[in-house]
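Novice: File name entry_14.cif; file contents mmCIF, C-alpha atoms; full text below.
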data_upload
#
loop_
_atom_site.label_atom_id
_atom_site.label_comp_id
_atom_site.auth_asym_id
_atom_site.auth_seq_id
_atom_site.Cartn_x
_atom_site.Cartn_y
_atom_site.Cartn_z
CA PRO A 1 2.81 -47.51 3.71
CA GLY A 2 5.00 -45.18 1.69
CA ARG A 3 6.30 -41.84 2.90
CA PRO A 4 4.11 -38.77 2.37
CA LEU A 5 5.00 -36.66 -0.63
CA PRO A 6 6.84 -33.41 0.14
CA PRO A 7 4.84 -30.21 -0.30
CA LYS A 8 4.89 -28.59 -3.72
CA PRO A 9 7.00 -25.44 -4.14
CA GLN A 10 5.04 -22.37 -3.18
CA PRO A 11 4.13 -20.06 -6.08
CA THR A 12 5.63 -16.63 -6.47
CA ARG A 13 3.53 -13.98 -4.73
CA ARG A 14 2.36 -10.90 -6.57
CA LEU A 15 2.71 -8.64 -3.53
CA THR A 16 6.11 -8.19 -1.92
CA ILE A 17 6.44 -9.26 1.71
CA GLU A 18 9.33 -7.47 3.37
CA ARG A 19 11.65 -9.23 5.79
CA GLU A 20 10.34 -7.34 8.80
CA GLU A 21 6.71 -8.07 7.93
CA TRP A 22 4.75 -11.06 9.19
CA ALA A 23 3.22 -13.47 6.70
CA THR A 24 2.44 -17.15 6.48
CA MET A 25 1.18 -19.48 3.76
CA SER A 26 -0.50 -22.86 3.64
CA TYR A 27 1.00 -25.73 1.65
CA PHE A 28 -0.30 -26.51 -1.85
CA GLU A 29 -0.55 -30.26 -1.29
CA ASP A 30 -4.23 -31.08 -1.76
CA GLU A 31 -6.49 -30.32 -4.71
CA LYS A 32 -9.66 -30.21 -2.61
CA VAL A 33 -8.87 -28.47 0.66
CA SER A 34 -6.22 -26.25 2.22
CA CYS A 35 -6.12 -25.41 5.92
CA LEU A 36 -4.04 -22.98 7.95
CA LEU A 37 -4.04 -22.74 11.76
CA LEU A 38 -2.98 -19.46 13.38
CA LYS A 39 -2.22 -19.80 17.07
CA ASP A 40 -2.37 -17.05 19.70
CA VAL A 41 -3.56 -14.31 17.32
CA THR A 42 -4.57 -11.30 19.43
CA ALA A 43 -6.24 -7.99 18.64
CA ASP A 44 -3.00 -6.18 19.51
CA PHE A 45 -1.08 -8.37 17.06
CA ALA A 46 -3.35 -7.47 14.14
CA ARG A 47 -5.04 -4.18 15.03
CA ASP A 48 -5.96 -3.49 11.41
CA GLY A 49 -6.93 -7.09 10.72
CA LEU A 50 -5.38 -9.68 8.44
CA ILE A 51 -5.48 -9.95 4.65
CA ILE A 52 -6.19 -13.49 3.48
CA THR A 53 -5.61 -14.26 -0.20
CA PRO A 54 -6.89 -17.58 -1.58
CA MET A 55 -5.03 -18.76 -4.68
CA MET A 56 -4.14 -21.76 -6.83
CA ASP A 57 -0.67 -22.98 -7.71
CA VAL A 58 -1.47 -22.86 -11.45
CA LYS A 59 -1.54 -19.50 -13.16
CA ASP A 60 -4.79 -18.47 -14.92
CA ALA A 61 -6.70 -21.47 -13.56
CA THR A 62 -10.33 -20.80 -12.58
CA CYS A 63 -12.68 -22.54 -10.17
CA HIS A 64 -15.33 -22.00 -7.51
CA TYR A 65 -14.27 -22.16 -3.87
CA ALA A 66 -15.61 -21.74 -0.34
CA LEU A 67 -13.63 -19.90 2.32
CA GLU A 68 -14.37 -20.80 5.96
CA PHE A 69 -13.17 -19.09 9.15
CA HIS A 70 -13.32 -20.52 12.66
CA ALA A 71 -12.16 -18.64 15.76
CA ASP A 72 -12.47 -18.73 19.55
CA LEU A 73 -13.80 -15.15 19.55
CA PRO A 74 -16.30 -13.29 17.34
CA ILE A 75 -14.76 -12.13 14.06
CA GLU A 76 -15.76 -9.89 11.18
CA VAL A 77 -14.93 -10.95 7.62
CA HIS A 78 -15.59 -9.04 4.43
CA GLU A 79 -14.25 -9.10 0.90
CA LEU A 80 -11.97 -6.24 -0.03
CA GLU A 81 -12.90 -5.24 -3.54
CA GLU A 82 -10.11 -4.57 -6.01
CA SER A 83 -11.46 -1.05 -6.51
CA GLN A 84 -10.92 -0.39 -2.78
CA MET A 85 -7.28 -1.48 -2.65
CA GLN A 86 -4.47 -1.06 -5.13
CA SER A 87 -0.77 -1.86 -4.87
CA ILE A 88 1.70 -0.51 -7.42
CA ALA A 89 5.40 -1.26 -7.88
CA GLY A 90 7.47 1.75 -8.90
CA ARG A 91 11.03 2.97 -9.20
CA TRP A 92 12.96 6.20 -8.81
CA GLY A 93 15.26 6.33 -11.83
CA SER A 94 17.92 8.72 -13.08
CA LYS A 95 15.24 11.08 -14.44
CA THR A 96 12.55 10.52 -11.79
CA ALA A 97 14.44 10.72 -8.48
CA GLY A 98 13.50 14.33 -7.78
CA GLY A 99 13.66 14.52 -3.99
CA CYS A 100 11.36 16.56 -1.72
CA HIS A 101 9.47 19.77 -2.55
CA ILE A 102 12.24 22.10 -1.33
CA ASN A 103 13.31 22.15 -4.98
CA PRO A 104 9.95 22.45 -6.82
CA GLU A 105 11.31 21.80 -10.32
CA GLN A 106 13.08 18.64 -9.23
CA TRP A 107 10.15 17.53 -7.05
CA ALA A 108 7.79 17.56 -10.04
CA LYS A 109 9.98 14.97 -11.76
CA ASN A 110 9.10 12.28 -9.21
CA PRO A 111 6.64 9.51 -10.16
CA VAL A 112 3.07 10.80 -9.81
CA TYR A 113 0.03 8.55 -9.26
CA LYS A 114 -3.48 9.82 -9.90
CA PHE A 115 -5.93 8.92 -7.13
CA ARG A 116 -9.68 9.53 -7.44
CA LEU A 117 -12.52 8.84 -5.03
CA LEU A 118 -15.66 7.82 -6.91
CA GLY A 119 -18.64 9.37 -5.19
CA GLN A 120 -20.73 12.49 -4.79
CA ARG A 121 -19.64 15.65 -3.04
CA PRO A 122 -19.48 16.32 -0.11
CA ASP A 123 -18.76 12.64 0.51
CA ARG A 124 -15.46 11.64 2.06
CA ALA A 125 -13.66 8.38 2.72
CA ARG A 126 -11.04 7.12 5.08
CA VAL A 127 -7.88 6.50 3.08
CA SER A 128 -4.74 4.59 3.97
CA VAL A 129 -1.64 5.05 1.83
CA THR A 130 1.66 3.28 2.49
CA LEU A 131 5.00 3.81 0.78
CA SER A 132 7.56 1.03 1.29
CA ARG A 133 10.87 -0.07 -0.18
CA PRO A 134 12.87 -3.34 -0.13
CA ALA A 135 15.32 -3.06 2.74
CA ALA A 136 18.05 -5.18 1.14
CA ASP A 137 18.10 -3.09 -2.04
CA TRP A 138 18.39 0.18 -0.13
CA LYS A 139 20.78 -0.86 2.63
CA LYS A 140 23.96 0.59 1.07
CA GLN A 141 22.37 3.91 0.17
CA CYS A 142 20.81 4.28 3.61
CA VAL A 143 24.13 3.62 5.34
CA LYS A 144 26.00 6.02 3.05
CA ASP A 145 23.43 8.83 3.27
CA PRO A 146 20.74 8.13 5.89
CA VAL A 147 19.22 11.62 5.71
CA GLY A 148 19.13 11.97 1.92
CA SER A 149 17.70 8.46 1.56
CA MET A 150 14.74 9.07 3.87
CA ILE A 151 11.36 8.44 2.22
CA GLY A 152 8.00 10.18 2.35
CA PHE A 153 5.11 11.14 0.10
CA TYR A 154 2.69 13.94 -0.71
CA ILE A 155 -1.02 13.93 -1.54
CA THR A 156 -2.23 17.03 -3.35
CA PRO A 157 -5.16 17.95 -5.60
CA ILE A 158 -4.46 18.66 -9.28
CA ASP A 159 -6.56 20.12 -12.08
CA LEU A 160 -7.12 17.42 -14.71
CA ARG A 161 -7.35 20.06 -17.41
CA THR A 162 -3.88 21.51 -16.83
CA LYS A 163 -2.33 18.53 -14.99
CA LYS A 164 0.02 20.97 -13.28
CA LEU A 165 1.62 19.56 -10.15
CA GLU A 166 2.15 22.08 -7.35
CA TYR A 167 2.95 22.02 -3.65
CA LEU A 168 0.15 24.05 -2.03
CA PRO A 169 0.88 25.14 1.57
CA GLY A 170 -2.07 24.34 3.82
CA VAL A 171 -3.62 22.07 1.17
CA THR A 172 -0.99 19.51 0.21
CA PHE A 173 -0.68 16.67 2.73
CA GLN A 174 2.88 15.62 3.51
CA THR A 175 4.15 12.72 5.59
CA ASP A 176 7.26 12.97 7.70
CA PHE A 177 10.41 11.81 5.95
CA VAL A 178 11.62 8.74 7.80
CA PRO A 179 14.81 6.65 7.68
CA MET A 180 12.76 3.45 7.93
CA ASN A 181 11.57 1.41 4.96
CA GLU A 182 7.89 2.25 5.32
CA VAL A 183 5.79 5.35 5.92
CA SER A 184 1.99 5.68 6.01
CA THR A 185 -0.82 8.17 6.42
CA PRO A 186 -1.85 8.60 10.08
CA PRO A 187 -4.82 6.71 11.58
CA GLY A 188 -8.13 8.39 10.79
CA PHE A 189 -6.81 10.12 7.68
CA TYR A 190 -9.52 10.91 5.16
CA LEU A 191 -9.97 12.66 1.81
CA GLU A 192 -12.99 14.42 0.37
CA VAL A 193 -14.50 13.62 -3.00
CA LEU A 194 -13.36 16.17 -5.59
CA ASP A 195 -15.34 17.42 -8.57
CA ASP A 196 -14.91 15.90 -12.03
CA THR A 197 -12.21 18.39 -13.03
CA GLN A 198 -9.88 17.43 -10.17
CA SER A 199 -7.96 14.43 -8.91
CA TYR A 200 -5.54 13.71 -6.10
CA ALA A 201 -1.90 13.13 -6.97
CA ILE A 202 0.28 10.91 -4.78
CA VAL A 203 3.96 11.83 -5.08
CA PRO A 204 6.42 9.39 -3.44
CA CYS A 205 9.98 10.63 -3.08
CA THR A 206 13.23 10.51 -1.16
CA TYR A 207 14.37 13.50 0.87
CA GLU A 208 17.19 14.41 -1.50
CA PRO A 209 17.21 13.96 -5.30
CA GLY A 210 19.27 11.34 -7.11
CA LYS A 211 18.42 8.41 -4.81
CA LYS A 212 17.54 5.62 -7.23
CA GLY A 213 15.75 2.39 -6.34
CA ASN A 214 12.51 0.42 -6.21
CA PHE A 215 9.47 1.11 -4.06
CA SER A 216 5.85 0.04 -3.72
CA LEU A 217 2.79 2.17 -3.08
CA THR A 218 -0.39 0.73 -1.56
CA ALA A 219 -3.69 2.58 -1.13
CA SER A 220 -6.91 1.35 0.44
CA VAL A 221 -10.25 3.07 0.99
CA SER A 222 -13.07 2.63 3.48
CA SER A 223 -16.33 4.49 2.92
CA ASN A 224 -18.15 3.27 6.03
CA ASP A 225 -19.66 6.32 7.75
CA ASP A 226 -19.01 4.73 11.15
CA ASP A 227 -15.30 5.10 10.45
CA PHE A 228 -15.56 8.89 10.67
CA ASN A 229 -16.94 9.19 14.20
CA GLY A 230 -14.55 11.53 15.97
CA ALA A 231 -12.40 12.15 12.88
CA ALA A 232 -10.92 15.62 12.55
#
Just give me the structure as structure tokens.

Specialist:
Amino acid sequence: PGRPLPPKPQPTRRLTIEREEWATMSYFEDEKVSCLLLKDVTADFARDGLIITPMMDVKDATCHYALEFHADLPIEVHELEESQMQSIAGRWGSKTAGGCHINPEQWAKNPVYKFRLLGQRPDRARVSVTLSRPAADWKKQCVKDPVGSMIGFYITPIDLRTKKLEYLPGVTFQTDFVPMNEVSTPPGFYLEVLDDTQSYAIVPCTYEPGKKGNFSLTASVSSNDDDFNGAA
């Protein structure tokens, strides 16, 4: 018998997996079935669960498929709708690296992402937002200026009629600025549904202005009422 064919090259992923993050992928070597075995996966290892993305190695190809899960312990599986999770690649450039809100005029120059919860007031939803950056691209800047290169983000309501961006003490949510390559909203964080004239604005930034480079922003939403038991 001849030797088995080597696995096909794996396709380029749409989402960026950082070096410090865990990820694995099955081989694209069979047109009918693909199987991946994860050993010794514990609840502590994946407290927020795992994201599994089925795909084909040919772009724009379509087909029907069945996804099966088998585990030694009971599991919960549900599809995460595209409207409940969005990931955006962005960049702080020469005109958009405004730094934190200490300088309001500069801060308003940062990239701004509109974020709306679709529902009826006074509904609310648990929201998770994560700002990350590629470690390799930022290594030199972080070594040269570790404080100025720290990252964080703001979430604040804006009036859609005026679209004026303001830092509102006691209203605007602000993460800590961290020297790491990722920062997120705290566990149990939630936002309330705003009226039709308002939207939330997410403002990612570095601590000091002028720090140029790429970043990614990911937001996911859970509207399950059970999630809010005990939430502040």

Novice: For the file shown, report as a PyMOL selection string the outcome of the PyMOL selection byres ((chain A and resi 151-157) around 8) at residue level.

Specialist: chain A and resi 131+149-150+158-159+166-168+171-183+198-207

Novice: Could you tell me which of A:Ile75, A:Leu50, A:Leu165, A:Ala61 comes closest to Gln106 in chain A if we count all atoms listed in the file?

Specialist: A:Leu165

Novice: Give me the residues within 10 Å of range 91-97 of chain A as an MDAnalysis selection string, counting only C-alpha atoms and dropping any in the same chain fewer than 6 places off.

Specialist: chainID A and resid 106:112 133 204:216

Novice: For each of A:Ser34, A:Ser222, A:Ser26, A:Thr42, take the minimum atom-to-atom distance to Arg126 in chain A, counting only C-alpha atoms, then give the residue where this is smallest.

Specialist: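 Nearest candidate to Arg126 in chain A out of A:Ser34, A:Ser222, A:Ser26, A:Thr42: A:Ser222.
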
Novice: Have a look at CA of Ser184 in chain A and CA of Val129 in chain A and let me know their distance in Å, one decimal.

Specialist: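 Here the two named atoms are 5.6 Å from each other.
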
Novice: Kindly indicate which residue among A:Gly148, A:Leu67, A:Lys164, A:Gly119 lies nearest to Glu105 in chain A, using only C-alpha atoms for the distances.

Specialist: A:Lys164

Novice: Which residue is closest to Asp195 in chain A? Choose from A:Pro134, A:Leu118, A:Met55, A:Cys142 and count only C-alpha atoms.

Specialist: A:Leu118

Novice: Working from the structure I just supplied, which lacks atoms in range 166-190 of chain A, can you model N, CA and C atoms there and output them as a short mmCIF file (atom, residue, chain, number, x, y, z; two decimals), keeping the file's coordinate frame?

Specialist:
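Below is the file part.cif, written as the result:
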data_model
loop_
_atom_site.label_atom_id
_atom_site.label_comp_id
_atom_site.auth_asym_id
_atom_site.auth_seq_id
_atom_site.Cartn_x
_atom_site.Cartn_y
_atom_site.Cartn_z
N GLU A 166 1.63 21.02 -8.20
CA GLU A 166 2.15 22.08 -7.35
C GLU A 166 2.06 21.68 -5.89
N TYR A 167 3.03 22.16 -5.11
CA TYR A 167 2.95 22.02 -3.65
C TYR A 167 2.18 23.23 -3.13
N LEU A 168 1.03 22.97 -2.50
CA LEU A 168 0.15 24.05 -2.03
C LEU A 168 0.16 24.09 -0.51
N PRO A 169 0.84 25.06 0.11
CA PRO A 169 0.88 25.14 1.57
C PRO A 169 -0.52 25.20 2.16
N GLY A 170 -0.77 24.39 3.18
CA GLY A 170 -2.07 24.34 3.82
C GLY A 170 -3.07 23.44 3.13
N VAL A 171 -2.73 22.97 1.92
CA VAL A 171 -3.62 22.07 1.17
C VAL A 171 -2.96 20.72 0.94
N THR A 172 -1.72 20.74 0.49
CA THR A 172 -0.99 19.51 0.21
C THR A 172 -0.66 18.78 1.51
N PHE A 173 -1.05 17.50 1.58
CA PHE A 173 -0.68 16.67 2.73
C PHE A 173 0.72 16.12 2.53
N GLN A 174 1.51 16.11 3.58
CA GLN A 174 2.88 15.62 3.51
C GLN A 174 3.17 14.75 4.71
N THR A 175 3.70 13.55 4.48
CA THR A 175 4.15 12.72 5.59
C THR A 175 5.49 13.23 6.10
N ASP A 176 5.89 12.76 7.26
CA ASP A 176 7.26 12.97 7.70
C ASP A 176 8.18 12.16 6.79
N PHE A 177 9.41 12.62 6.64
CA PHE A 177 10.41 11.81 5.95
C PHE A 177 11.11 10.97 7.02
N VAL A 178 11.14 9.67 6.78
CA VAL A 178 11.62 8.74 7.80
C VAL A 178 12.78 7.91 7.25
N PRO A 179 13.71 7.50 8.13
CA PRO A 179 14.81 6.65 7.68
C PRO A 179 14.44 5.17 7.59
N MET A 180 13.21 4.83 8.02
CA MET A 180 12.76 3.45 7.93
C MET A 180 12.39 3.10 6.49
N ASN A 181 11.91 1.88 6.30
CA ASN A 181 11.57 1.41 4.96
C ASN A 181 10.08 1.46 4.67
N GLU A 182 9.33 2.15 5.53
CA GLU A 182 7.89 2.25 5.32
C GLU A 182 7.37 3.50 6.00
N VAL A 183 6.44 4.18 5.34
CA VAL A 183 5.79 5.35 5.92
C VAL A 183 4.34 5.37 5.45
N SER A 184 3.42 5.75 6.33
CA SER A 184 1.99 5.68 6.01
C SER A 184 1.27 6.94 6.45
N THR A 185 0.06 7.12 5.92
CA THR A 185 -0.82 8.17 6.42
C THR A 185 -1.20 7.85 7.86
N PRO A 186 -1.51 8.85 8.68
CA PRO A 186 -1.85 8.60 10.08
C PRO A 186 -3.22 7.94 10.22
N PRO A 187 -3.49 7.30 11.35
CA PRO A 187 -4.82 6.71 11.58
C PRO A 187 -5.90 7.79 11.49
N GLY A 188 -7.04 7.44 10.90
CA GLY A 188 -8.13 8.39 10.79
C GLY A 188 -8.00 9.37 9.65
N PHE A 189 -7.00 9.20 8.80
CA PHE A 189 -6.81 10.12 7.68
C PHE A 189 -7.92 9.93 6.66
N TYR A 190 -8.47 11.02 6.15
CA TYR A 190 -9.52 10.91 5.16
C TYR A 190 -9.34 11.96 4.07
#
